[in-house]
Amino acid sequence: MLAHAFVGRQTELAELLAAAAAAAGPTFTLLSGDAGTGKTRLLEELVERLGGVGALVLVGSCVEVGGFGLPYLPIIDALRAVESDPVGARVLQEESTVRPALGRLLPQLEGLSRPSAGTRSEVAIGATADPASGAMSGSMDALAQGQLFEALHRVLTVLAGQRQVLLVIEDIHWADRSTRDLIAFLVRTLREGWISVVASYRTDDLHRRHPLRPLLAEMARLPHVRRIALSPFTRSELAQLLDELTGSPVDVQLVDRVFARSEGNAFFAEELVRAGRSAGGNARLPDELVDVLLSRVEELGPAGRQAVRAAAVAGRRVSHDLLVAAADASETEEGLRDAVETGLLTTDGETYAFRHALFQEAIYGDLLPGERVRLHARFAELLEADLLGGPAELAHHLLASHDLTGALAASVLAAAAAEQMAAPAEALRHLEQAISLLDRVDRVDRVDGVDRVDGGDPDRLDLLVRAAEAAAASGDSHRAVALGTAAVMATDELPSGEVEIRAMTLERLARLQFEADVDDDGPSRQALELLVAGPRSALLARALATRARAMFRQQDAASTAAMLDESILIADETGAHGIAADALITLKLMVRRGFLADREPPTLGATLARLTGPDALDVRHRALRFQAAQLMEDGDLDGALAAADEGVALTSEAGLSWSSYGLDLRLMRGWVLAAKGRWDEVLTDSLVAVYAPTEPGRVLATQAVAVLVGRGDPEAEPLLARLRGTGDQYAELQLDLTEIDLRLDQGRPAEAALMAEKRLALLSDDGWSMEKLLLAAREAAAVADLAELARREGNDDTVLLARADAVASGSDALPRTPALQGPYGRSWRLRVRAEADRAHGLDTADQWKKVLVEAISAGRVQDQMYARIRAAHRLLDERTRQGAAELLRSALAQATALGSSPSIAVIQQMAARARLALAGDRVVRRGNSPLTAREAEVLALVEQGLSNRAVGETLFISDKTAGVHLSHIMAKLGATTSTEAVSLARRRGLLAD
């Protein structure tokens with residue numbers, strides 16, 4: 001009794017087919033619904049339809065084993081379909097020759113066999129000390145995941161360039177971290193080719209802290225991602241389903257009963273009907289779904305029941321040979337046939353899977369405790385004999401069977417396998433499990449476990465170091481610090497002569513703390529103390545450079561510079577060019593920040609040119625970040641953007657986009673784009689990070705909030721609140737600056753002034769000169785607004801004027817660092833003084849024009865616009881109407897290009913009061929309009945008959961971005977075409993006459 005006809009879901013199927021038919025570029029769809037709502041059946045229909053017209057269909061399903069996902073399993077399944085396709089197989093072979101990372105998922109491409117015992121042992125041993133390089137080298141390759149992602153991206157792009165491709169990833173609520181990261185990577189980076197990606201997940205499995213939630217939130221912000229949510233069947237749809245199931249019209253009363261109990265859930269309804277009919281239709285329907293599921297099991301004979309019980313212990317999917325061996329009964333194959341025929345299990349010819357995960361969960365839960373342990377032990381025995389399966393499955397079964405000795409060794413082996421596959425989050429899970437088992441297994445038993453599983457003798461220090469590296473590689477910087485601290489504690493057990501290993505572990509902890517923004521003087525100091533009396537080695541040079549970075553935070557300039565000089569000297573002597581370059585960058589940063597005023601900045605060119613190996617990449621990232629910052633401060637925004645773009649590309653290719661320098665470079669790129677007025681690009685790059693699962697992602701999202709505030713977007717306020725509490729001092733500072741701007745735009749200067757004053761008080765040292773200047777300018781602006789209000793209301797402004805003077809004096813007293821002496825710094829210093837004079841009512845148009853000149857030199861569009869508005873204010877006071885009109889026209893053009901609603905409103909109000917006619921493009925009335933300023937401009941241009949390309953050229957955005965804006969406009973106005981959107985806007989009075 002199986003339903004073959006496709007019932008309901010016609011709207012959803014049509015939407016999926018339409019998305020797949022779009023040949024203009026990749027499409028992404030998230031398909032959601034509770035368990036049993038028909039996601040799989042809908043996808044089967046989609047696969048059948050597209051496969052029938054010649055599309056290359058790639059399907060993979062996520063599987064959960066013991067509470068965690070197997071790394072990249074759905075991707076491996078999908079790639080098998082590529083291998084079986086003649087064109088796909090050729091593409092894989094061609095790409096694997098230049099992108100060997102593919103061999104991590106498909107070893108046969110390299111002719112690789114399963115890792116030998118020796119290889120496993122080497123990998124399991126993990127990180128070892130390397131005093132010659134001064135680094136901790138381990139099996140975790142920080143670049144591997146990025147290379148793997150790029151390789152898969154390339155394969156899909158090539159295939160989609162030749163034919164239509166459908167990639168289906170089912171059940172991503174069970175996806176491992178690495179698969180989730182890959183999905184996010186493809187969504188962000190796939191930009192060409194005829195490919196449709198569909199991912200399904202269970203909504204009822206997503207508890208509040210489910211790891212999939214951040215990814216879904218991030219994807220929800222992307223305009224090119226569609227979301228289809230399957231709702232329960234209506235009564236009529238359910239009746240149609242039941243008719244198909246039974247092959248004849250179903251009694252109305254039965255429909256009513258099933259609909260009431262199933263609430264339209266197709267799977268529940270099927271099981272209720274099946275259970276009722278198998279008992280002759282007279283049995284009382286079970287009260288709980290688990291009873292329904294288990295009643296299906298009772299339909300099987302003894303052999304079938306034994307087979308599905310064994311399958312439930314194996315997990316959602318299990319191979320034929322392994323299941324038959326584990327069931328250990330002569331009638332097992334007959335029992336499997338029975339289970340398949342009744343629909344409990346499905347088979348692809350080699351493996352078996354439960355038709356629905358609820359079957360597996362219910363059957364597993366019904367087993368007696370001793371029965372579970374016995375079956376887990378049997379599976380573990382077979383897996384240890386290398387019958388089938390992987391180390392993660394082996395670790396799961398050994399642990400579930402209470403074999404802690406074997407579970408420890410297998411967990412280490414599973415971690416090594418995850419490391420080899422560039423799956424750091426999964427490696428971390430296995431490593432932490434192994435660490436937790438160490439104290440529960442004595443030394444003798446550990447060795448026994450090594451002999452059984454061939455996982456290497458697990459060592460606490462080794463596991464902790466590898467776990468810290470895995471945590472850092474997966475973006476969990478605070479967890480990395482905790483594990484690094486534990487690794488340092490583990491070195492207490494080392495013999496007294498193992499000084500270098502202890503020093504190396506301490507030095508690595510100090511660098512992990514830098515990445516997590518943890519201010520701790522101890523590790524770097526202790527590492528250096530252990531080495532200072534020893535030989536002049538690369539490790540000593542690294543310890544000196546790391547110690548100098550820690551002291552840089554303490555502003556001990558003389559001692560820091562001396563340590564850096566010594567580090568560079570020793571590094572040059574020992575050929576450690578990466579360490580020398582790293583120290584030179586720190587030294588150059590000190591000069592740039594004004595801590596070494598009498599010293600010429602060092603040059604990096606010759607040192608960087610000699611760099612090779614992993615150190616070269618890391619140091620080059622840091623150098624590009626420094627270069628981009630310096631060029632931006634000097635007003636060379638094009639050069640700064642080029643440096644940032646190069647750095648972003650390098651970190652992306654290496655899979656290090658969320659490392660400390662990877663994030664810094666992305667932030668730097670966003671700041672440069674924002675300064676140049678390319679706000680749409682800033683939003684594209686950073687808005688998706690608002691709901692990122694990691695703190696680094698949330699730091700990047702501060703840039704999006706700044707743009708939303710500049711545009712007067714109502715989403716800015718709640719997003720500001722959401723992003724608070726990252727624990728990152730710089731992120732909080734950026735949010736403070738943004739919130740102060742918001743309060744000023746909202747006409748709440750008292751709150752803005754208080755926030756600026758409090759934040760300034762927290763920046764006690766001189767390393768924040770530029771940030772202090774930015775805060776001072778905002779505080780001065782808020783005080784000026786308050787002073788003007790006080791005068792208008794006839795109140796005393798004495799205290800406010802004194803405060804304005806104090807802010808200006810404090811700004812003048814800031815150290816004249818090279819950063820503050822560039823056009824960016826000069827423009828803001830002039831701005832502070834102008835705002836203070838405005839508080840007194842003494843600012844002049846010429847004063848603001850000087851601010852404008854420096855803002856132009858710095859290339860900062862928003863600052864130019866603000867200076868023009870302020871200068872126009874003063875010219876209007878002086879009744880110099882023509883000059884004011886020219887400034888306001890230029891400011892309006894800039895505000896329009898930025899999409900800055902608050903600035904547009906201010907300009908229009910000024911023009912209206914002065915009765916100035918500002919020639920320019922037609923704009924949309926703001927009032928209660930649901931449209932943002934940018935959407936308003938797009939709509940006005942569309943009304944003039946401009947195409948998306950022409951709109952993009954007019955507003956200096958891409959035609960694709962223009963199209964996205966138009967889609968948002970139509971959605972907000974309830975229109976289906978652009979013509980209808982214009983018509984509706986006219987009727988609602990949104991278009992100006």
# chains A, B, ... in the order shown; residues from 1 in each chain; ligands from 1
call {"tool": "residues_around", "arguments": {"residues": "Arg177 (chain A)", "least_positions_apart": "2", "cutoff": "10 Å", "atoms": "only C-alpha atoms", "output": "JSON list (two decimals) with C-alpha atoms, in the first residue's frame"}}
result
[["chain", "number", "residue", "atom", "x", "y", "z"],
["A", 68, "PHE", "CA", 26.91, 14.30, 15.04],
["A", 69, "GLY", "CA", 26.99, 14.49, 11.28],
["A", 70, "LEU", "CA", 29.50, 12.69, 9.09],
["A", 71, "PRO", "CA", 31.73, 15.24, 7.32],
["A", 72, "TYR", "CA", 30.63, 16.04, 3.76],
["A", 174, "TRP", "CA", 21.57, 16.80, 10.40],
["A", 175, "ALA", "CA", 24.42, 18.38, 8.44],
["A", 179, "THR", "CA", 28.81, 20.70, 5.17],
["A", 180, "ARG", "CA", 26.98, 23.73, 6.54],
["A", 181, "ASP", "CA", 30.05, 25.87, 5.89],
["A", 182, "LEU", "CA", 30.24, 24.52, 2.35],
["A", 183, "ILE", "CA", 26.57, 25.35, 1.71],
["A", 211, "PRO", "CA", 23.50, 24.84, 14.83],
["A", 212, "LEU", "CA", 21.57, 25.23, 11.58],
["A", 423, "ALA", "CA", 36.50, 19.38, 8.71],
["A", 424, "PRO", "CA", 37.84, 21.18, 11.80],
["A", 425, "ALA", "CA", 34.55, 21.38, 13.72],
["A", 426, "GLU", "CA", 34.11, 17.60, 13.48],
["A", 474, "SER", "CA", 36.65, 26.53, 12.90]]
call {"tool": "residues_around", "arguments": {"residues": "Val591 (chain A)", "least_positions_apart": "2", "cutoff": "12 Å", "atoms": "only C-alpha atoms", "output": "PyMOL selection string"}}
result
chain A and resi 552+557-558+560-561+584-589+593-603+630+767+816-819
call {"tool": "residues_around", "arguments": {"residues": "region 362-375 of chain A", "least_positions_apart": "4", "cutoff": "7 Å", "atoms": "only C-alpha atoms", "output": "PyMOL selection string"}}
result
chain A and resi 290+293-294+309-310+312-313+358+379+400-401
call {"tool": "select_by_dssp", "arguments": {"residues": "region 205-332 of chain A", "states": "helix (DSSP H, G or I)", "output": "PyMOL selection string"}}
result
chain A and resi 212-220+235-246+252-262+266-278+289-298+302-314+320-327+332
call {"tool": "residues_around", "arguments": {"residues": "region 482-485 of chain A", "least_positions_apart": "3", "cutoff": "9 Å", "atoms": "only C-alpha atoms", "output": "list in words"}}
result
Leu464, Val465, Ala467, Ala468, Glu469, Ala471, Ser477, His478, Arg479, Val488, Met489, Ala490, Thr505, Leu506, Arg508, Leu509, Ala510 and Leu512 of chain A
call {"tool": "residues_around", "arguments": {"residues": "region 803-807 of chain A", "least_positions_apart": "5", "cutoff": "12 Å", "atoms": "only C-alpha atoms", "output": "NGL selection string"}}
result
:A and (753-754 or 756-757 or 760 or 772-787 or 797-798 or 812-814 or 829 or 831-841)
call {"tool": "closest_residue", "arguments": {"among": "A:Gly349, A:Gly103, A:Gly406, A:Gly51", "to": "Ala81 (chain A)", "atoms": "only C-alpha atoms"}}
result
A:Gly51
call {"tool": "residues_around", "arguments": {"residues": "Leu345 (chain A)", "least_positions_apart": "5", "cutoff": "6 Å", "atoms": "only C-alpha atoms", "output": "list in words"}}
result
Ala339, Val340, Ala353, Phe354 and Arg355 of chain A
call {"tool": "closest_atom_pairs", "arguments": {"of": "region 649-735 of chain A", "to": "region 189-207 of chain A", "cutoff": "12 Å", "atoms": "only C-alpha atoms", "output": "Markdown table"}}
result
| residue | atom | partner | partner_atom | distance |
| --- | --- | --- | --- | --- |
| A:Ser652 | CA | A:Thr189 | CA | 10.6 |
| A:Glu653 | CA | A:Thr189 | CA | 11.7 |
| A:Thr684 | CA | A:Thr189 | CA | 11.9 |
| A:Asp685 | CA | A:Thr189 | CA | 11.2 |
call {"tool": "write_last_selection", "arguments": {"atoms": "N, CA, C and O atoms", "output": "JSON list (two decimals), in the first residue's frame"}}
result
[["chain", "number", "residue", "atom", "x", "y", "z"],
["A", 652, "SER", "N", 40.45, 34.04, 1.37],
["A", 652, "SER", "CA", 39.34, 33.23, 0.90],
["A", 652, "SER", "C", 39.84, 31.96, 0.23],
["A", 652, "SER", "O", 39.32, 30.87, 0.47],
["A", 653, "GLU", "N", 40.86, 32.10, -0.61],
["A", 653, "GLU", "CA", 41.42, 30.92, -1.28],
["A", 653, "GLU", "C", 42.00, 29.93, -0.29],
["A", 653, "GLU", "O", 41.97, 28.72, -0.51],
["A", 684, "THR", "N", 25.96, 44.08, 0.78],
["A", 684, "THR", "CA", 26.05, 42.75, 0.19],
["A", 684, "THR", "C", 27.06, 41.89, 0.93],
["A", 684, "THR", "O", 26.83, 40.70, 1.18],
["A", 685, "ASP", "N", 28.19, 42.51, 1.30],
["A", 685, "ASP", "CA", 29.27, 41.76, 1.94],
["A", 685, "ASP", "C", 29.04, 41.50, 3.42],
["A", 685, "ASP", "O", 29.52, 40.51, 3.96]]
call {"tool": "residues_around", "arguments": {"residues": "His397 (chain A)", "least_positions_apart": "4", "cutoff": "12 Å", "atoms": "only C-alpha atoms", "output": "VMD selection string"}}
result
chain A and resid 65 to 67 313 to 315 372 to 384 389 to 393 401 to 404 406 to 408 410 to 411
call {"tool": "closest_residue", "arguments": {"among": "A:Ser857, A:Ser900, A:Thr844, A:Gln526", "to": "Arg826 (chain A)", "atoms": "only C-alpha atoms"}}
result
A:Ser857
call {"tool": "closest_residue", "arguments": {"among": "A:Leu539, A:Ile969, A:Ala855, A:Val82", "to": "Ala571 (chain A)", "atoms": "only C-alpha atoms"}}
result
A:Leu539
call {"tool": "closest_residue", "arguments": {"among": "A:Met551, A:Leu683, A:Ala917, A:Leu528", "to": "Glu886 (chain A)", "atoms": "only C-alpha atoms"}}
result
A:Ala917
call {"tool": "closest_residue", "arguments": {"among": "A:Gly710, A:Leu737, A:Glu793, A:Ala871", "to": "Pro902 (chain A)", "atoms": "only C-alpha atoms"}}
result
A:Gly710
call {"tool": "closest_residue", "arguments": {"among": "A:Val951, A:Leu667, A:Ala644, A:Leu898", "to": "Arg934 (chain A)", "atoms": "only C-alpha atoms"}}
result
A:Leu898
